[in-house]
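S.K.: Structure file work.cif, mmCIF, C-alpha atoms, is pasted below:
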```cif
data_query
loop_
_atom_site.group_PDB
_atom_site.id
_atom_site.type_symbol
_atom_site.label_atom_id
_atom_site.label_comp_id
_atom_site.auth_asym_id
_atom_site.auth_seq_id
_atom_site.Cartn_x
_atom_site.Cartn_y
_atom_site.Cartn_z
ATOM 1 C CA MET A 1 11.183 -7.490 -38.410
ATOM 2 C CA SER A 2 10.245 -3.891 -37.594
ATOM 3 C CA VAL A 3 7.409 -3.971 -40.159
ATOM 4 C CA PHE A 4 6.112 -7.185 -38.602
ATOM 5 C CA ARG A 5 6.215 -5.714 -35.079
ATOM 6 C CA ARG A 6 4.417 -2.559 -36.247
ATOM 7 C CA GLY A 7 1.780 -4.789 -37.834
ATOM 8 C CA LEU A 8 1.275 -6.486 -34.481
ATOM 9 C CA CYS A 9 0.865 -3.061 -32.857
ATOM 10 C CA ALA A 10 -1.753 -2.135 -35.460
ATOM 11 C CA THR A 11 -3.795 -5.195 -34.399
ATOM 12 C CA GLY A 12 -3.466 -4.339 -30.686
ATOM 13 C CA ARG A 13 -0.727 -6.860 -29.883
ATOM 14 C CA HIS A 14 1.822 -4.573 -28.259
ATOM 15 C CA SER A 15 5.091 -5.605 -26.618
ATOM 16 C CA GLY A 16 6.814 -4.437 -23.463
ATOM 17 C CA ARG A 17 6.932 -5.275 -19.769
ATOM 18 C CA TRP A 18 4.038 -4.714 -17.371
ATOM 19 C CA SER A 19 4.829 -2.919 -14.110
ATOM 20 C CA TYR A 20 3.063 -1.603 -11.021
ATOM 21 C CA PRO A 21 3.896 2.113 -10.805
ATOM 22 C CA GLY A 22 2.514 2.504 -7.251
ATOM 23 C CA SER A 23 0.754 0.685 -4.454
ATOM 24 C CA ARG A 24 -2.496 0.265 -6.402
ATOM 25 C CA CYS A 25 -3.354 -2.670 -8.670
ATOM 26 C CA GLU A 26 -3.229 -0.830 -11.996
ATOM 27 C CA MET A 27 -0.466 -2.276 -14.161
ATOM 28 C CA VAL A 28 1.017 -0.093 -16.902
ATOM 29 C CA ARG A 29 2.911 -1.029 -20.054
ATOM 30 C CA THR A 30 4.451 1.202 -22.708
ATOM 31 C CA CYS A 31 4.918 -0.551 -26.044
ATOM 32 C CA ASP A 32 8.573 -0.865 -27.080
ATOM 33 C CA VAL A 33 7.656 -0.419 -30.743
ATOM 34 C CA CYS A 34 4.995 2.286 -31.010
ATOM 35 C CA GLY A 35 5.092 3.911 -27.559
ATOM 36 C CA GLU A 36 1.377 3.387 -26.798
ATOM 37 C CA THR A 37 0.584 3.071 -23.100
ATOM 38 C CA GLU A 38 -1.853 0.439 -21.836
ATOM 39 C CA GLU A 39 -3.328 -0.008 -18.363
ATOM 40 C CA VAL A 40 -5.047 -3.029 -16.779
ATOM 41 C CA THR A 41 -6.175 -3.821 -13.249
ATOM 42 C CA ARG A 42 -4.936 -7.074 -11.737
ATOM 43 C CA HIS A 43 -5.715 -7.743 -8.092
ATOM 44 C CA THR A 44 -3.885 -10.264 -5.919
ATOM 45 C CA TRP A 45 -6.847 -11.820 -4.130
ATOM 46 C CA GLY A 46 -6.597 -13.713 -0.856
ATOM 47 C CA GLU A 47 -8.880 -16.611 0.021
ATOM 48 C CA TYR A 48 -12.593 -16.149 0.668
ATOM 49 C CA ALA A 49 -13.578 -16.366 4.334
ATOM 50 C CA TYR A 50 -16.976 -16.328 6.038
ATOM 51 C CA ALA A 51 -17.732 -12.998 7.685
ATOM 52 C CA ASP A 52 -20.057 -14.463 10.384
ATOM 53 C CA ALA A 53 -20.386 -17.941 11.869
ATOM 54 C CA ASP A 54 -24.119 -18.254 11.159
ATOM 55 C CA ARG A 55 -24.319 -16.491 7.775
ATOM 56 C CA CYS A 56 -23.188 -17.411 4.269
ATOM 57 C CA GLY A 57 -21.603 -14.123 3.199
ATOM 58 C CA GLN A 58 -17.946 -14.465 2.301
ATOM 59 C CA CYS A 59 -15.370 -11.748 1.748
ATOM 60 C CA ARG A 60 -11.867 -11.620 0.311
ATOM 61 C CA ARG A 61 -9.343 -8.793 0.211
ATOM 62 C CA CYS A 62 -6.725 -7.797 -2.334
ATOM 63 C CA GLU A 63 -3.317 -8.197 -0.729
ATOM 64 C CA ARG A 64 -1.939 -5.248 -2.681
ATOM 65 C CA CYS A 65 -4.542 -2.447 -2.561
ATOM 66 C CA GLY A 66 -7.042 -3.637 0.080
ATOM 67 C CA ALA A 67 -10.081 -3.773 -2.241
ATOM 68 C CA THR A 68 -12.749 -6.284 -1.205
ATOM 69 C CA GLU A 69 -15.108 -8.662 -3.004
ATOM 70 C CA THR A 70 -18.064 -10.472 -1.496
ATOM 71 C CA ARG A 71 -20.133 -13.496 -2.458
ATOM 72 C CA THR A 72 -22.703 -15.849 -0.953
ATOM 73 C CA ALA A 73 -21.669 -19.484 -0.517
ATOM 74 C CA HIS A 74 -24.318 -21.721 1.046
ATOM 75 C CA GLU A 75 -23.516 -25.143 2.512
ATOM 76 C CA TRP A 76 -26.560 -27.014 1.236
ATOM 77 C CA GLY A 77 -27.850 -30.168 2.865
ATOM 78 C CA PRO A 78 -29.434 -32.999 0.865
ATOM 79 C CA TRP A 79 -32.643 -32.645 -1.124
ATOM 80 C CA LEU A 80 -35.590 -34.036 0.855
ATOM 81 C CA TYR A 81 -39.234 -34.534 -0.126
ATOM 82 C CA LEU A 82 -41.647 -32.286 1.780
ATOM 83 C CA ASN A 83 -44.156 -35.098 2.137
ATOM 84 C CA THR A 84 -44.995 -38.474 0.663
ATOM 85 C CA GLU A 85 -47.785 -37.272 -1.616
ATOM 86 C CA PHE A 86 -47.562 -37.690 -5.374
ATOM 87 C CA ASN A 87 -45.828 -34.786 -7.099
ATOM 88 C CA SER A 88 -44.350 -33.448 -3.849
ATOM 89 C CA PRO A 89 -41.652 -30.763 -4.192
ATOM 90 C CA GLN A 90 -38.228 -31.213 -2.652
ATOM 91 C CA VAL A 91 -36.474 -28.860 -0.267
ATOM 92 C CA ARG A 92 -32.909 -28.422 0.915
ATOM 93 C CA THR A 93 -31.642 -26.267 3.764
ATOM 94 C CA CYS A 94 -28.357 -24.444 4.220
ATOM 95 C CA ARG A 95 -26.424 -25.796 7.199
ATOM 96 C CA ARG A 96 -25.036 -22.351 8.050
ATOM 97 C CA CYS A 97 -27.866 -19.797 7.649
ATOM 98 C CA HIS A 98 -30.876 -22.171 7.467
ATOM 99 C CA THR A 99 -32.169 -20.681 4.200
ATOM 100 C CA ALA A 100 -34.438 -23.141 2.418
ATOM 101 C CA GLU A 101 -34.626 -23.739 -1.313
ATOM 102 C CA ARG A 102 -37.405 -25.764 -2.915
ATOM 103 C CA THR A 103 -38.077 -27.292 -6.305
ATOM 104 C CA ALA A 104 -41.263 -26.869 -8.255
ATOM 105 C CA PRO A 105 -43.675 -29.805 -8.230
ATOM 106 C CA THR A 106 -43.151 -32.168 -11.154
ATOM 107 C CA MET A 107 -45.936 -33.463 -13.367
ATOM 108 C CA ARG A 108 -45.963 -36.931 -14.867
#
```
Kindly present the structure from the file in structure tokens form.
M.R.:
Amino acid sequence: MSVFRRGLCATGRHSGRWSYPGSRCEMVRTCDVCGETEEVTRHTWGEYAYADADRCGQCRRCERCGATETRTAHEWGPWLYLNTEFNSPQVRTCRRCHTAERTAPTMR
């Protein structure tokens, strides 16, 4: 069994328990077989929330270390034709920030 476990270590498949040594999100593990130490970062993210009522920027915070991540999440309305002409592009507007997005005209 020891030869098998050492073979797993040689391929990077170490064993041992992960632990948080401090208040940060870096987890550490020391392999029970070969003694190699590994470190990974694993955040405990909360839910995304909008930062402002009329903007689409969202933010979330790690509950453990306080790190933040941001993203943009528009609330798009339906696609509408700009006019009734042939080959007219379509446009949709965000309900929160009023940003418009349009398609390219299509050729038939």
S.K.: State, in Å with one decimal place, the distance from CA of Ala104 (chain A) to CA of Gln90 (chain A).
M.R.: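 If I compute the distance from CA of Ala104 (chain A) to CA of Gln90 (chain A), I get 7.7 Å.
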S.K.: Measure the distance from CA of Ala67 (chain A) to CA of Tyr20 (chain A) in Å and round it to one decimal.
M.R.: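 Answer for the CA of Ala67 (chain A) to CA of Tyr20 (chain A) separation: 16.0 Å.
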S.K.: Using all atoms listed in the file, which of the listed residues (A:Thr11, A:Thr30, A:Ser19, A:Thr99) sits closest to His74 (chain A)?
M.R.: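 Checking each of A:Thr11, A:Thr30, A:Ser19, A:Thr99 against His74 (chain A), counting all atoms listed in the file, the winner is A:Thr99.
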S.K.: In the coordinate frame of the file, compute which residues have an atom within 12 Å of (-7.2, -11.6, -1.8) when using all atoms listed in the file, and state them as a PyMOL selection string.
M.R.: chain A and resi 25+42-49+58-70
S.K.: Distance CA of Thr103 (chain A)-CA of Val91 (chain A), one decimal place?
M.R.: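 Computed distance, CA of Thr103 (chain A) to CA of Val91 (chain A), equals 6.4 Å.
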S.K.: Please write the residues picked by the PyMOL selection byres ((chain A and resi 94) around 7) on this file as a list of chain:residue names.
M.R.: A:His74, A:Glu75, A:Trp76, A:Gly77, A:Arg92, A:Thr93, A:Arg95, A:Arg96, A:Cys97, A:His98, A:Thr99, A:Ala100
S.K.: Out of A:Cys34, A:Ser23, A:Thr72, A:Pro78, which residue has the shortest atom-to-atom distance to Leu8 (chain A) when counting all atoms listed in the file?
M.R.: A:Cys34
S.K.: For region 20-48 of chain A, where the input has fewer atoms than it should, I would like N, CA and C atoms rebuilt and written as a compact mmCIF listing (two decimals), in the frame of the given file.
M.R.:
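Result file follows (out.txt):
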```txt
# COMPACT_ATOMS: atom_id res chain seq x y z
N TYR A 20 3.93 -2.31 -11.96
CA TYR A 20 3.06 -1.60 -11.02
C TYR A 20 3.75 -0.28 -10.67
N PRO A 21 3.22 0.85 -11.09
CA PRO A 21 3.90 2.11 -10.80
C PRO A 21 3.73 2.59 -9.37
N GLY A 22 2.75 2.07 -8.63
CA GLY A 22 2.51 2.50 -7.25
C GLY A 22 2.01 1.36 -6.41
N SER A 23 1.26 1.71 -5.36
CA SER A 23 0.75 0.68 -4.45
C SER A 23 -0.61 0.17 -4.87
N ARG A 24 -1.20 0.72 -5.92
CA ARG A 24 -2.50 0.26 -6.40
C ARG A 24 -2.31 -0.91 -7.36
N CYS A 25 -3.41 -1.46 -7.84
CA CYS A 25 -3.35 -2.67 -8.67
C CYS A 25 -3.44 -2.39 -10.17
N GLU A 26 -3.24 -1.15 -10.57
CA GLU A 26 -3.23 -0.83 -12.00
C GLU A 26 -1.82 -1.07 -12.54
N MET A 27 -1.74 -1.99 -13.51
CA MET A 27 -0.47 -2.28 -14.16
C MET A 27 -0.39 -1.43 -15.43
N VAL A 28 0.81 -0.96 -15.74
CA VAL A 28 1.02 -0.09 -16.90
C VAL A 28 2.10 -0.71 -17.78
N ARG A 29 1.90 -0.56 -19.10
CA ARG A 29 2.91 -1.03 -20.05
C ARG A 29 2.99 0.00 -21.18
N THR A 30 4.22 0.35 -21.55
CA THR A 30 4.45 1.20 -22.71
C THR A 30 5.08 0.33 -23.78
N CYS A 31 4.46 0.31 -24.96
CA CYS A 31 4.92 -0.55 -26.04
C CYS A 31 6.32 -0.13 -26.49
N ASP A 32 7.20 -1.11 -26.63
CA ASP A 32 8.57 -0.86 -27.08
C ASP A 32 8.64 -0.40 -28.52
N VAL A 33 7.63 -0.73 -29.31
CA VAL A 33 7.66 -0.42 -30.74
C VAL A 33 7.01 0.93 -31.05
N CYS A 34 5.73 1.09 -30.61
CA CYS A 34 5.00 2.29 -31.01
C CYS A 34 4.84 3.32 -29.90
N GLY A 35 5.16 2.96 -28.66
CA GLY A 35 5.09 3.91 -27.56
C GLY A 35 3.71 4.06 -26.92
N GLU A 36 2.72 3.30 -27.38
CA GLU A 36 1.38 3.39 -26.80
C GLU A 36 1.40 2.82 -25.38
N THR A 37 0.66 3.49 -24.49
CA THR A 37 0.58 3.07 -23.10
C THR A 37 -0.74 2.36 -22.86
N GLU A 38 -0.67 1.22 -22.19
CA GLU A 38 -1.85 0.44 -21.84
C GLU A 38 -1.92 0.31 -20.32
N GLU A 39 -3.14 0.17 -19.80
CA GLU A 39 -3.33 -0.01 -18.36
C GLU A 39 -4.38 -1.09 -18.12
N VAL A 40 -4.09 -2.00 -17.19
CA VAL A 40 -5.05 -3.03 -16.78
C VAL A 40 -5.01 -3.12 -15.25
N THR A 41 -6.11 -3.61 -14.69
CA THR A 41 -6.18 -3.82 -13.25
C THR A 41 -6.07 -5.31 -12.97
N ARG A 42 -5.13 -5.68 -12.12
CA ARG A 42 -4.94 -7.07 -11.74
C ARG A 42 -4.74 -7.14 -10.23
N HIS A 43 -5.78 -7.62 -9.55
CA HIS A 43 -5.72 -7.74 -8.09
C HIS A 43 -5.03 -9.05 -7.70
N THR A 44 -4.47 -9.07 -6.51
CA THR A 44 -3.88 -10.26 -5.92
C THR A 44 -4.81 -10.67 -4.77
N TRP A 45 -5.81 -11.49 -5.10
CA TRP A 45 -6.85 -11.82 -4.13
C TRP A 45 -6.39 -12.88 -3.14
N GLY A 46 -6.78 -12.70 -1.88
CA GLY A 46 -6.60 -13.71 -0.86
C GLY A 46 -7.75 -14.70 -0.95
N GLU A 47 -7.82 -15.61 0.00
CA GLU A 47 -8.88 -16.61 0.02
C GLU A 47 -10.17 -16.01 0.56
N TYR A 48 -11.30 -16.54 0.10
CA TYR A 48 -12.59 -16.15 0.67
C TYR A 48 -12.71 -16.71 2.08
```
